[in-house]
file query_19.txt (compact mmCIF, C-alpha atoms)
# COMPACT_ATOMS: atom_id res chain seq x y z
CA MET A 77 -106.60 -90.50 -153.12
CA THR A 78 -105.32 -90.77 -149.56
CA THR A 79 -102.82 -88.34 -148.05
CA ALA A 80 -100.17 -91.06 -147.83
CA THR A 81 -100.61 -91.91 -151.52
CA SER A 82 -100.37 -88.22 -152.49
CA ILE A 83 -97.13 -87.86 -150.54
CA ALA A 84 -95.64 -91.00 -152.07
CA THR A 85 -96.54 -89.86 -155.59
CA HIS A 86 -95.06 -86.43 -155.01
CA TYR A 87 -91.77 -87.82 -153.74
CA GLU A 88 -91.54 -90.41 -156.46
CA GLN A 89 -91.34 -87.46 -158.82
CA PHE A 90 -88.59 -85.96 -156.64
CA LEU A 91 -86.67 -89.23 -156.82
CA ARG A 92 -86.97 -89.31 -160.62
CA LEU A 93 -85.42 -85.85 -160.73
CA LEU A 94 -82.64 -86.83 -158.36
CA THR A 95 -81.71 -89.98 -160.25
CA SER A 96 -82.02 -88.45 -163.72
CA ASP A 97 -79.01 -89.06 -165.95
CA ASN A 98 -79.85 -85.92 -167.94
CA PRO A 99 -79.57 -82.85 -165.70
CA ASP A 100 -80.59 -79.54 -167.17
CA PRO A 101 -77.31 -78.20 -168.69
CA ALA A 102 -78.66 -74.66 -168.91
CA ARG A 103 -79.41 -74.54 -165.19
CA THR A 104 -76.06 -76.14 -164.28
CA SER A 105 -74.14 -73.74 -166.55
CA ALA A 106 -76.01 -70.72 -165.18
CA ALA A 107 -75.19 -71.71 -161.62
CA ALA A 108 -71.55 -72.28 -162.49
CA ALA A 109 -71.35 -68.93 -164.28
CA ALA A 110 -72.77 -67.25 -161.19
CA GLY A 111 -70.05 -68.86 -159.06
CA ARG A 112 -72.45 -71.07 -157.12
CA ASP A 113 -71.67 -74.61 -156.05
CA THR A 114 -74.27 -76.79 -157.74
CA VAL A 115 -73.79 -79.65 -155.26
CA ARG A 116 -73.98 -78.11 -151.81
CA ALA A 117 -77.38 -77.17 -150.47
CA ARG A 118 -77.32 -76.70 -146.68
CA TYR A 119 -74.74 -75.69 -144.11
CA GLY A 120 -74.80 -76.74 -140.46
CA GLU A 121 -72.46 -77.38 -137.56
CA ARG A 122 -71.88 -80.13 -135.03
CA VAL A 123 -69.99 -80.16 -131.75
CA ASP A 124 -66.99 -82.49 -131.73
CA PRO A 125 -65.83 -84.43 -128.63
CA SER A 126 -63.46 -81.60 -127.66
CA GLY A 127 -66.32 -79.10 -127.64
CA GLY A 128 -65.34 -77.35 -130.87
CA ALA A 129 -67.67 -76.64 -133.80
CA GLN A 130 -67.27 -78.56 -137.03
CA ALA A 131 -68.91 -77.57 -140.29
CA ILE A 132 -71.35 -79.93 -142.02
CA VAL A 133 -72.58 -79.58 -145.59
CA LEU A 134 -75.46 -81.52 -147.12
CA THR A 135 -75.86 -81.76 -150.87
CA ARG A 136 -79.22 -80.99 -152.43
CA ASP A 137 -79.79 -84.68 -153.13
CA GLU A 138 -78.95 -85.73 -149.57
CA TRP A 139 -81.19 -83.00 -148.15
CA ILE A 140 -84.20 -84.03 -150.23
CA ARG A 141 -83.70 -87.76 -149.59
CA ASN A 142 -83.66 -87.14 -145.84
CA GLN A 143 -86.95 -85.27 -146.22
CA ILE A 144 -88.48 -88.06 -148.29
CA ASP A 145 -87.88 -90.72 -145.67
CA LEU A 146 -89.19 -88.58 -142.84
CA THR A 147 -92.24 -87.46 -144.82
CA LEU A 148 -93.24 -91.03 -145.63
CA ALA A 149 -92.83 -91.95 -141.94
CA LEU A 150 -94.75 -88.99 -140.51
CA GLY A 151 -97.37 -89.37 -143.24
CA ARG A 152 -98.52 -92.47 -141.33
CA LEU A 153 -99.01 -90.41 -138.15
CA LEU A 154 -100.26 -87.03 -139.33
CA THR A 155 -103.05 -85.80 -141.58
CA GLU A 156 -104.02 -82.52 -143.18
CA ASP A 157 -106.16 -81.75 -140.14
CA ASP A 158 -103.22 -81.75 -137.73
CA VAL A 159 -101.64 -78.66 -136.19
CA VAL A 160 -98.04 -79.49 -135.30
CA VAL A 161 -95.64 -77.73 -132.94
CA SER A 162 -91.99 -78.19 -133.92
CA ALA A 163 -89.90 -77.72 -130.77
CA VAL A 164 -86.56 -78.91 -132.09
CA PRO A 165 -83.27 -77.03 -132.71
CA TYR A 166 -83.10 -74.67 -135.68
CA GLU A 167 -79.84 -72.73 -135.32
CA LEU A 168 -77.04 -74.28 -137.44
CA SER A 169 -78.81 -77.64 -137.46
CA PHE A 170 -80.88 -79.50 -140.03
CA ILE A 171 -83.68 -81.05 -138.00
CA GLY A 172 -85.79 -77.91 -137.50
CA ALA A 173 -85.87 -76.97 -141.17
CA GLU A 174 -86.50 -80.58 -142.13
CA VAL A 175 -89.44 -81.01 -139.77
CA ASP A 176 -91.02 -77.80 -141.09
CA ARG A 177 -90.83 -79.00 -144.68
CA VAL A 178 -92.02 -82.49 -143.85
CA VAL A 179 -95.08 -81.27 -141.94
CA GLU A 180 -95.93 -78.98 -144.85
CA MET A 181 -95.57 -81.86 -147.33
CA VAL A 182 -97.93 -83.99 -145.23
CA GLY A 183 -100.37 -81.11 -145.58
CA ALA A 184 -100.61 -80.26 -141.88
CA SER A 185 -100.09 -76.85 -140.28
CA VAL A 186 -96.87 -76.12 -138.41
CA ILE A 187 -95.92 -73.78 -135.56
CA SER A 188 -92.13 -73.53 -135.29
CA VAL A 189 -91.12 -72.67 -131.72
CA GLY A 190 -87.57 -74.05 -131.56
CA THR A 191 -85.81 -74.76 -128.28
CA SER A 192 -84.20 -71.48 -127.22
CA GLY A 193 -87.11 -70.48 -124.98
CA THR A 194 -86.55 -66.78 -125.66
CA ILE A 195 -89.40 -65.76 -127.95
CA CYS A 196 -91.57 -68.74 -127.03
CA PRO A 197 -90.95 -70.06 -123.50
CA MET A 198 -92.88 -73.13 -122.43
CA SER A 199 -95.57 -71.10 -120.68
CA ARG A 200 -96.36 -69.29 -123.93
CA LEU A 201 -96.31 -72.58 -125.82
CA LEU A 202 -99.01 -73.95 -123.54
CA GLY A 203 -101.13 -70.95 -124.50
CA LEU A 204 -100.52 -71.58 -128.20
CA ILE A 205 -101.56 -75.21 -127.77
CA GLU A 206 -104.87 -74.09 -126.34
CA GLN A 207 -105.39 -71.19 -128.73
CA TYR A 208 -104.70 -73.13 -131.93
CA ARG A 209 -105.78 -76.57 -130.72
CA VAL A 210 -102.41 -78.13 -131.44
CA THR A 211 -102.69 -81.86 -132.06
CA ALA A 212 -99.06 -82.99 -132.36
CA LEU A 213 -95.67 -82.21 -130.85
CA VAL A 214 -92.26 -82.91 -132.39
CA CYS A 215 -89.73 -82.46 -129.60
CA SER A 216 -87.28 -84.26 -127.35
CA ALA A 217 -88.54 -86.62 -124.67
CA GLY A 218 -87.22 -84.26 -122.01
CA PHE A 219 -89.09 -81.33 -123.51
CA ALA A 220 -92.37 -83.28 -123.58
CA ALA A 221 -91.92 -84.29 -119.93
CA GLU A 222 -91.11 -80.77 -118.72
CA LEU A 223 -93.98 -79.25 -120.70
CA ALA A 224 -96.41 -81.68 -119.09
CA SER A 225 -95.07 -80.85 -115.62
CA LEU A 226 -95.38 -77.13 -116.25
CA ALA A 227 -98.97 -77.59 -117.37
CA VAL A 228 -99.77 -79.46 -114.15
CA SER A 229 -98.08 -76.77 -112.02
CA LEU A 230 -100.31 -74.17 -113.70
CA GLY A 231 -103.44 -76.12 -112.83
CA LYS A 232 -103.90 -77.66 -116.28
CA ARG A 233 -104.37 -81.30 -117.19
CA PRO A 234 -102.10 -82.20 -120.14
CA GLU A 235 -104.09 -85.41 -120.68
CA ASP A 236 -107.13 -83.25 -121.43
CA SER A 237 -105.33 -81.11 -124.01
CA THR A 238 -105.77 -81.42 -127.78
CA ILE A 239 -102.35 -83.11 -128.12
CA ARG A 240 -102.83 -86.60 -129.53
CA THR A 241 -99.44 -87.41 -131.12
CA ILE A 242 -95.90 -86.87 -129.82
CA VAL A 243 -92.85 -87.60 -131.99
CA CYS A 244 -89.65 -87.62 -129.95
CA ALA A 245 -86.37 -86.62 -131.56
CA GLY A 246 -82.98 -85.39 -130.45
CA GLU A 247 -82.20 -87.80 -127.61
CA ALA A 248 -82.19 -91.54 -127.08
CA CYS A 249 -85.37 -92.62 -125.36
CA SER A 250 -86.53 -96.06 -124.22
CA ALA A 251 -89.92 -97.50 -125.06
CA GLU A 252 -90.66 -97.50 -121.33
CA ARG A 253 -90.10 -93.76 -121.07
CA LEU A 254 -92.05 -93.09 -124.26
CA ASP A 255 -94.98 -94.95 -122.72
CA ARG A 256 -94.73 -92.78 -119.59
CA ILE A 257 -94.75 -89.62 -121.73
CA GLY A 258 -97.72 -90.92 -123.69
CA THR A 259 -99.60 -91.53 -120.45
CA ALA A 260 -98.87 -88.00 -119.21
CA TRP A 261 -100.40 -86.51 -122.37
CA ALA A 262 -102.90 -89.27 -123.17
CA ALA A 263 -101.23 -89.35 -126.59
CA ARG A 264 -99.65 -91.91 -128.87
CA THR A 265 -95.87 -91.63 -129.06
CA SER A 266 -93.33 -92.33 -131.74
CA ALA A 267 -89.68 -91.52 -132.34
CA LEU A 268 -87.20 -90.73 -135.06
CA TYR A 269 -83.43 -90.90 -135.07
CA GLY A 270 -80.82 -88.77 -136.76
CA THR A 271 -77.34 -87.38 -136.26
CA PRO A 272 -76.11 -83.81 -136.75
CA SER A 273 -74.88 -84.70 -140.24
CA ALA A 274 -77.81 -86.95 -141.24
CA PRO A 275 -81.12 -85.69 -139.84
CA THR A 276 -83.02 -88.85 -140.83
CA VAL A 277 -81.13 -92.06 -140.11
CA ALA A 278 -83.94 -94.30 -138.83
CA VAL A 279 -87.73 -93.97 -138.74
CA ALA A 280 -90.35 -95.80 -136.69
CA CYS A 281 -92.59 -98.59 -137.94
CA ASP A 282 -96.08 -99.34 -136.66
CA ARG A 283 -94.55 -101.55 -133.94
CA GLY A 284 -92.44 -98.66 -132.64
CA ALA A 285 -89.06 -100.01 -133.78
CA LEU A 286 -86.66 -97.65 -135.54
CA HIS A 287 -85.66 -98.93 -138.98
CA LEU A 288 -82.46 -97.84 -140.65
CA CYS A 289 -82.85 -95.96 -143.93
CA ASP A 290 -80.48 -98.47 -145.50
CA HIS A 291 -81.61 -97.84 -149.05
CA ARG A 292 -79.44 -94.69 -148.96
CA LEU A 293 -77.19 -95.08 -145.90
CA ARG A 294 -74.38 -97.57 -145.32
CA ALA A 295 -74.32 -98.12 -141.58
CA GLU A 296 -71.79 -100.10 -139.55
CA VAL A 297 -71.14 -100.42 -135.85
CA ARG A 298 -67.59 -100.30 -134.60
CA GLY A 299 -66.79 -103.20 -132.27
CA GLY A 300 -69.78 -105.47 -132.79
CA PRO A 301 -73.58 -105.22 -132.65
CA ARG A 302 -73.22 -102.45 -130.04
CA GLY A 303 -70.79 -99.60 -130.44
CA GLU A 304 -70.13 -96.37 -132.31
CA LEU A 305 -72.27 -95.81 -135.40
CA LEU A 306 -70.38 -95.29 -138.65
CA LEU A 307 -72.31 -93.79 -141.53
CA ASP A 308 -70.64 -94.37 -144.87
CA GLY A 309 -67.48 -95.09 -142.90
CA VAL A 310 -67.55 -91.81 -140.95
CA PRO A 311 -67.68 -91.96 -137.11
CA THR A 312 -70.73 -90.18 -135.66
CA GLY A 313 -69.90 -90.11 -131.94
CA GLU A 314 -73.23 -91.90 -131.36
CA ALA A 315 -73.60 -95.33 -129.79
CA VAL A 316 -76.22 -97.68 -131.24
CA GLU A 317 -77.26 -101.29 -131.40
CA LEU A 318 -77.82 -102.53 -134.95
CA TRP A 319 -79.75 -105.74 -135.46
CA PRO A 320 -78.20 -108.31 -137.81
CA ALA A 321 -79.69 -108.49 -141.28
CA ASP A 322 -81.32 -111.88 -140.60
CA ARG A 323 -83.20 -110.65 -137.51
CA ARG A 324 -86.54 -109.27 -138.62
CA CYS A 325 -88.87 -106.87 -136.85
CA ASP A 326 -92.42 -108.11 -136.21
CA CYS A 327 -93.65 -105.48 -138.71
CA GLY A 328 -92.11 -107.53 -141.52
CA SER A 329 -89.83 -104.82 -142.91
CA ALA A 330 -86.52 -105.96 -144.35
CA SER A 331 -84.79 -102.79 -143.12
CA ARG A 332 -82.55 -103.38 -140.13
CA VAL A 333 -83.61 -102.16 -136.70
CA LEU A 334 -81.42 -99.55 -135.06
CA VAL A 335 -81.57 -98.87 -131.31
CA PRO A 336 -80.10 -95.48 -130.29
CA LEU A 337 -78.01 -95.69 -127.11
CA GLY A 338 -76.88 -92.07 -126.70
CA SER A 339 -73.45 -90.58 -127.19
CA THR A 340 -70.33 -92.73 -127.04
CA ALA A 341 -69.31 -90.68 -123.99
CA SER A 342 -72.32 -92.05 -122.07
CA VAL A 343 -71.54 -95.76 -122.32
CA VAL A 344 -69.67 -97.93 -119.82
CA ARG A 345 -68.19 -101.37 -120.33
CA GLY A 346 -70.03 -103.84 -118.12
CA PRO A 347 -69.43 -107.54 -117.49
CA ASP A 348 -71.48 -108.51 -120.56
CA GLY A 349 -70.46 -105.69 -122.92
CA LEU A 350 -71.33 -102.04 -123.40
CA VAL A 351 -73.95 -100.55 -121.10
CA SER A 352 -75.64 -97.30 -122.09
CA ALA A 353 -77.76 -94.66 -120.42
CA LEU A 354 -80.69 -96.15 -122.36
CA ASP A 355 -80.19 -99.49 -120.60
CA VAL A 356 -80.18 -97.67 -117.27
CA GLU A 357 -83.31 -95.77 -118.29
CA ARG A 358 -85.18 -99.02 -118.94
CA ILE A 359 -84.43 -100.18 -115.39
CA VAL A 360 -85.39 -96.82 -113.90
CA PHE A 361 -88.80 -96.73 -115.58
CA GLY A 362 -89.66 -100.11 -114.20
CA HIS A 363 -90.67 -98.07 -111.15
CA ARG A 364 -94.22 -96.86 -111.77
CA ARG A 365 -94.16 -93.93 -109.33
CA LEU A 366 -91.65 -91.97 -111.42
CA ALA A 367 -92.57 -89.03 -113.62
CA PRO A 368 -91.30 -89.18 -117.24
CA HIS A 369 -88.18 -87.11 -116.41
CA PHE A 370 -84.72 -88.62 -116.76
CA ALA A 371 -81.13 -87.40 -116.81
CA CYS A 372 -78.02 -89.54 -116.82
CA ALA A 373 -74.32 -88.73 -117.06
CA VAL A 374 -71.22 -90.89 -116.79
CA ARG A 375 -68.41 -89.78 -114.50
CA ASP A 376 -65.42 -92.02 -113.76
CA GLY A 377 -67.26 -95.07 -115.01
CA VAL A 378 -70.30 -94.50 -112.80
CA PHE A 379 -73.80 -93.62 -114.01
CA HIS A 380 -75.19 -90.57 -112.22
CA VAL A 381 -78.95 -90.77 -112.57
CA THR A 382 -81.52 -88.10 -111.75
CA CYS A 383 -85.22 -88.93 -111.81
CA ALA A 384 -88.37 -87.31 -110.46
CA VAL A 385 -91.59 -88.02 -108.61
CA ALA A 386 -94.79 -86.01 -108.84
CA ASP A 387 -95.45 -86.04 -105.08
CA ARG A 388 -92.44 -86.38 -102.78
CA ARG A 389 -94.69 -86.82 -99.75
CA ALA A 390 -96.13 -90.02 -101.17
CA VAL A 391 -92.76 -91.70 -101.74
CA ASP A 392 -90.02 -93.03 -99.48
CA GLU A 393 -87.20 -91.44 -101.47
CA GLY A 394 -84.44 -93.31 -99.67
CA ALA A 395 -86.04 -96.67 -100.38
CA LEU A 396 -86.70 -95.68 -104.00
CA ARG A 397 -83.08 -94.61 -104.52
CA ARG A 398 -81.80 -97.88 -103.08
CA ALA A 399 -84.20 -99.92 -105.18
CA ILE A 400 -83.19 -98.18 -108.39
CA ARG A 401 -79.48 -98.41 -107.61
CA SER A 402 -79.64 -102.10 -106.74
CA GLY A 403 -81.81 -102.82 -109.78
CA ILE A 404 -79.25 -101.24 -112.09
CA GLY A 405 -76.41 -103.17 -110.44
CA GLU A 406 -78.20 -106.51 -110.57
CA ALA A 407 -79.46 -106.18 -114.14
CA LEU A 408 -76.49 -104.47 -115.78
CA GLY A 409 -73.51 -105.08 -113.51
CA VAL A 410 -72.54 -101.41 -113.30
CA GLU A 411 -72.45 -98.79 -110.56
CA ALA A 412 -74.95 -95.96 -110.33
CA GLU A 413 -75.58 -93.00 -108.07
CA VAL A 414 -79.25 -92.04 -107.96
CA THR A 415 -80.89 -88.73 -107.10
CA VAL A 416 -84.67 -88.39 -106.75
CA VAL A 417 -86.26 -84.93 -106.90
CA GLY A 418 -89.75 -83.53 -107.15
CA VAL A 419 -90.86 -82.51 -110.63
CA GLN A 420 -91.15 -78.90 -109.45
CA ASP A 421 -87.39 -78.96 -108.70
CA TRP A 422 -86.36 -80.64 -111.95
CA SER A 423 -84.86 -77.62 -113.75
CA THR A 424 -82.73 -76.70 -110.74
CA ALA A 425 -81.58 -80.27 -110.13
CA THR A 426 -80.41 -80.84 -113.71
CA SER A 427 -78.97 -77.40 -114.51
call {"tool": "encode", "arguments": {"input": "query_19.txt", "output": "structure tokens"}}
result
Amino acid sequence: MTTATSIATHYEQFLRLLTSDNPDPARTSAAAAAGRDTVRARYGERVDPSGGAQAIVLTRDEWIRNQIDLTLALGRLLTEDDVVVSAVPYELSFIGAEVDRVVEMVGASVISVGTSGTICPMSRLLGLIEQYRVTALVCSAGFAAELASLAVSLGKRPEDSTIRTIVCAGEACSAERLDRIGTAWAARTSALYGTPSAPTVAVACDRGALHLCDHRLRAEVRGGPRGELLLDGVPTGEAVELWPADRRCDCGSASRVLVPLGSTASVVRGPDGLVSALDVERIVFGHRRLAPHFACAVRDGVFHVTCAVADRRAVDEGALRRAIRSGIGEALGVEAEVTVVGVQDWSTATS
């Protein structure tokens, strides 16, 4: 029996339990007698547009169903022989705990390093990768890019490491940038998409497209095919593009394709509709000399882009800035200010 089949069988049993019309009355009564809520399972928090913290609660059923979808997706990428580093948020979020459980269900080994950089800064992580022959990273695109740059600065060659799979989560990332990250590590790349209140919203197919988990989520987009994502009618603060139901992915799946565009605060209305930082990113990474670093913020309707080059001496930075700025204007009809830095100055430039 293959690993994927074992995972599917295991979670089919989970689904039977979740959809059972005959819950165990003894267990329910015992929980009620103890004063426990039998519905709520996990507590987290999200930051609202004003910067305040809002509580999020997932029920047991929601929590397990999120894990099921992610496990079946990562089961196509990972095997029992993999050693996986999980460098995603853990504090008051769901994604870290979910990734841990999913990797364990696949049967692989997991090293949970988080993103705080206190106990396990990137330099120590590079040592762990070598020591334990880590084969896969689950992290943001920015984290993967910075880790590769640090390795190079320390005289290492990330493309010669044991890393063979990188799953990017936590920020919108274009296929062009994913390819650049994959080249830096000589690894295959994939992505997953979630929100603070729903850690698994869309998972990648073999063609790299993110498919909505529409068998359990009702997704709408406010304002047309591009706009704010609503999950079960609740605004998420995230901008997406959602393909119409009659537009099929080349993989053949009937599930709709979802394209993350970043937060709603990072979109600008252009002459042909909403323009996102992801659209800008696609233009930026048409320039082959750029390292896989990218930062973009919107201020007063203008995109402020920061990108990086590995060797500043080999590039005419003024010409590169002008080319990127004009490319964004011509393709998207929006204004952009562009800063080019060396990868060694990235942390300072974006802090």
call {"tool": "closest_atom_pairs", "arguments": {"input": "query_19.txt", "of": "region 285-321 of chain A", "to": "region 264-276 of chain A", "cutoff": "12 Å", "atoms": "all atoms listed in the file", "output": "Markdown table"}}
result
| residue | atom | partner | partner_atom | distance |
| --- | --- | --- | --- | --- |
| A:Ala285 | CA | A:Ala267 | CA | 8.6 |
| A:Leu286 | CA | A:Leu268 | CA | 7.0 |
| A:His287 | CA | A:Tyr269 | CA | 9.2 |
| A:Leu288 | CA | A:Tyr269 | CA | 9.0 |
| A:Cys289 | CA | A:Thr276 | CA | 7.8 |
| A:Asp290 | CA | A:Thr276 | CA | 11.0 |
| A:Arg292 | CA | A:Thr276 | CA | 10.6 |
| A:Leu293 | CA | A:Ala274 | CA | 9.4 |
| A:Arg294 | CA | A:Ala274 | CA | 11.9 |
| A:Ala295 | CA | A:Ala274 | CA | 11.7 |
| A:Leu305 | CA | A:Thr271 | CA | 9.9 |
| A:Leu306 | CA | A:Thr271 | CA | 10.8 |
| A:Leu307 | CA | A:Ala274 | CA | 8.8 |
| A:Asp308 | CA | A:Ala274 | CA | 10.9 |
| A:Val310 | CA | A:Ser273 | CA | 10.2 |
| A:Pro311 | CA | A:Ser273 | CA | 10.7 |
| A:Thr312 | CA | A:Thr271 | CA | 7.2 |
| A:Gly313 | CA | A:Thr271 | CA | 9.0 |
| A:Glu314 | CA | A:Thr271 | CA | 7.8 |
| A:Ala315 | CA | A:Thr271 | CA | 10.9 |
| A:Val316 | CA | A:Tyr269 | CA | 10.6 |
call {"tool": "closest_residue", "arguments": {"input": "query_19.txt", "among": "A:Cys249, A:Cys244, A:Ile400, A:Ile144", "to": "His291 (chain A)", "atoms": "only C-alpha atoms"}}
result
A:Ile144
call {"tool": "closest_residue", "arguments": {"input": "query_19.txt", "among": "A:Arg397, A:His380, A:Arg233, A:Arg388", "to": "Glu411 (chain A)", "atoms": "all atoms listed in the file"}}
result
A:His380
call {"tool": "residues_around", "arguments": {"input": "query_19.txt", "residues": "region 173-179 of chain A", "least_positions_apart": "3", "cutoff": "7 Å", "atoms": "all atoms listed in the file", "output": "PyMOL selection string"}}
result
chain A and resi 143+146-147+162+166+170+182-186
call {"tool": "closest_residue", "arguments": {"input": "query_19.txt", "among": "A:Thr340, A:Thr382, A:Val417, A:Arg389", "to": "Arg401 (chain A)", "atoms": "all atoms listed in the file"}}
result
A:Thr382
call {"tool": "residues_around", "arguments": {"input": "query_19.txt", "residues": "Asp326 (chain A)", "least_positions_apart": "5", "cutoff": "12 Å", "atoms": "all atoms listed in the file", "output": "VMD selection string"}}
result
chain A and resid 281 to 287 331 to 333
call {"tool": "residues_around", "arguments": {"input": "query_19.txt", "residues": "Val133 (chain A)", "least_positions_apart": "5", "cutoff": "9 Å", "atoms": "only C-alpha atoms", "output": "list in words"}}
result
Arg116, Ala117, Arg118, Tyr119, Gly120, Glu121 and Ser273 of chain A
call {"tool": "write_last_selection", "arguments": {"input": "query_19.txt", "atoms": "C-alpha atoms", "output": "short mmCIF file (atom, residue, chain, number, x, y, z; two decimals), keeping the file's coordinate frame"}}
result
data_model
loop_
_atom_site.label_atom_id
_atom_site.label_comp_id
_atom_site.auth_asym_id
_atom_site.auth_seq_id
_atom_site.Cartn_x
_atom_site.Cartn_y
_atom_site.Cartn_z
CA ARG A 116 -73.98 -78.11 -151.81
CA ALA A 117 -77.38 -77.17 -150.47
CA ARG A 118 -77.32 -76.70 -146.68
CA TYR A 119 -74.74 -75.69 -144.11
CA GLY A 120 -74.80 -76.74 -140.46
CA GLU A 121 -72.46 -77.38 -137.56
CA SER A 273 -74.88 -84.70 -140.24
#
call {"tool": "residues_near_point", "arguments": {"input": "query_19.txt", "point": "(-76.5, -92.2, -126.0)", "cutoff": "6 Å", "atoms": "all atoms listed in the file", "output": "VMD selection string"}}
result
chain A and resid 248 315 337 to 339 342
call {"tool": "atom_distance", "arguments": {"input": "query_19.txt", "atom1": "CA of Pro347 (chain A)", "atom2": "CA of Leu318 (chain A)"}}
result
20.0 Å
call {"tool": "closest_residue", "arguments": {"input": "query_19.txt", "among": "A:Ala260, A:Thr415, A:Ala251, A:Met181", "to": "Ala221 (chain A)", "atoms": "only C-alpha atoms"}}
result
A:Ala260
call {"tool": "residues_around", "arguments": {"input": "query_19.txt", "residues": "Ile242 (chain A)", "least_positions_apart": "2", "cutoff": "12 Å", "atoms": "all atoms listed in the file", "output": "PyMOL selection string"}}
result
chain A and resi 150+153-154+158-163+210-221+224+238-240+244-245+254-268
call {"tool": "residues_around", "arguments": {"input": "query_19.txt", "residues": "Glu252 (chain A)", "least_positions_apart": "6", "cutoff": "10 Å", "atoms": "only C-alpha atoms", "output": "PDB file with C-alpha atoms, in the frame of the given file"}}
result
ATOM      1  CA  GLY A 258     -97.720 -90.920-123.690  1.00  0.00           C
ATOM      2  CA  GLU A 357     -83.310 -95.770-118.290  1.00  0.00           C
ATOM      3  CA  ARG A 358     -85.180 -99.020-118.940  1.00  0.00           C
ATOM      4  CA  ILE A 359     -84.430-100.180-115.390  1.00  0.00           C
ATOM      5  CA  VAL A 360     -85.390 -96.820-113.900  1.00  0.00           C
ATOM      6  CA  PHE A 361     -88.800 -96.730-115.580  1.00  0.00           C
ATOM      7  CA  GLY A 362     -89.660-100.110-114.200  1.00  0.00           C
ATOM      8  CA  PRO A 368     -91.300 -89.180-117.240  1.00  0.00           C
TER       9      PRO A 368
END
call {"tool": "closest_residue", "arguments": {"input": "query_19.txt", "among": "A:Pro125, A:Gly193, A:Gly409, A:Gly151", "to": "Ala280 (chain A)", "atoms": "all atoms listed in the file"}}
result
A:Gly151
call {"tool": "closest_residue", "arguments": {"input": "query_19.txt", "among": "A:Ser352, A:Ser126, A:Thr191, A:Ser237", "to": "Leu204 (chain A)", "atoms": "only C-alpha atoms"}}
result
A:Ser237
call {"tool": "residues_near_point", "arguments": {"input": "query_19.txt", "point": "(-86.5, -76.6, -114.2)", "cutoff": "12 Å", "atoms": "all atoms listed in the file", "output": "MDAnalysis selection string"}}
result
chainID A and resid 198 218:219 221:223 225:226 229 369 384 417:427
call {"tool": "atom_distance", "arguments": {"input": "query_19.txt", "atom1": "CA of Thr194 (chain A)", "atom2": "CA of Glu247 (chain A)"}}
result
21.6 Å
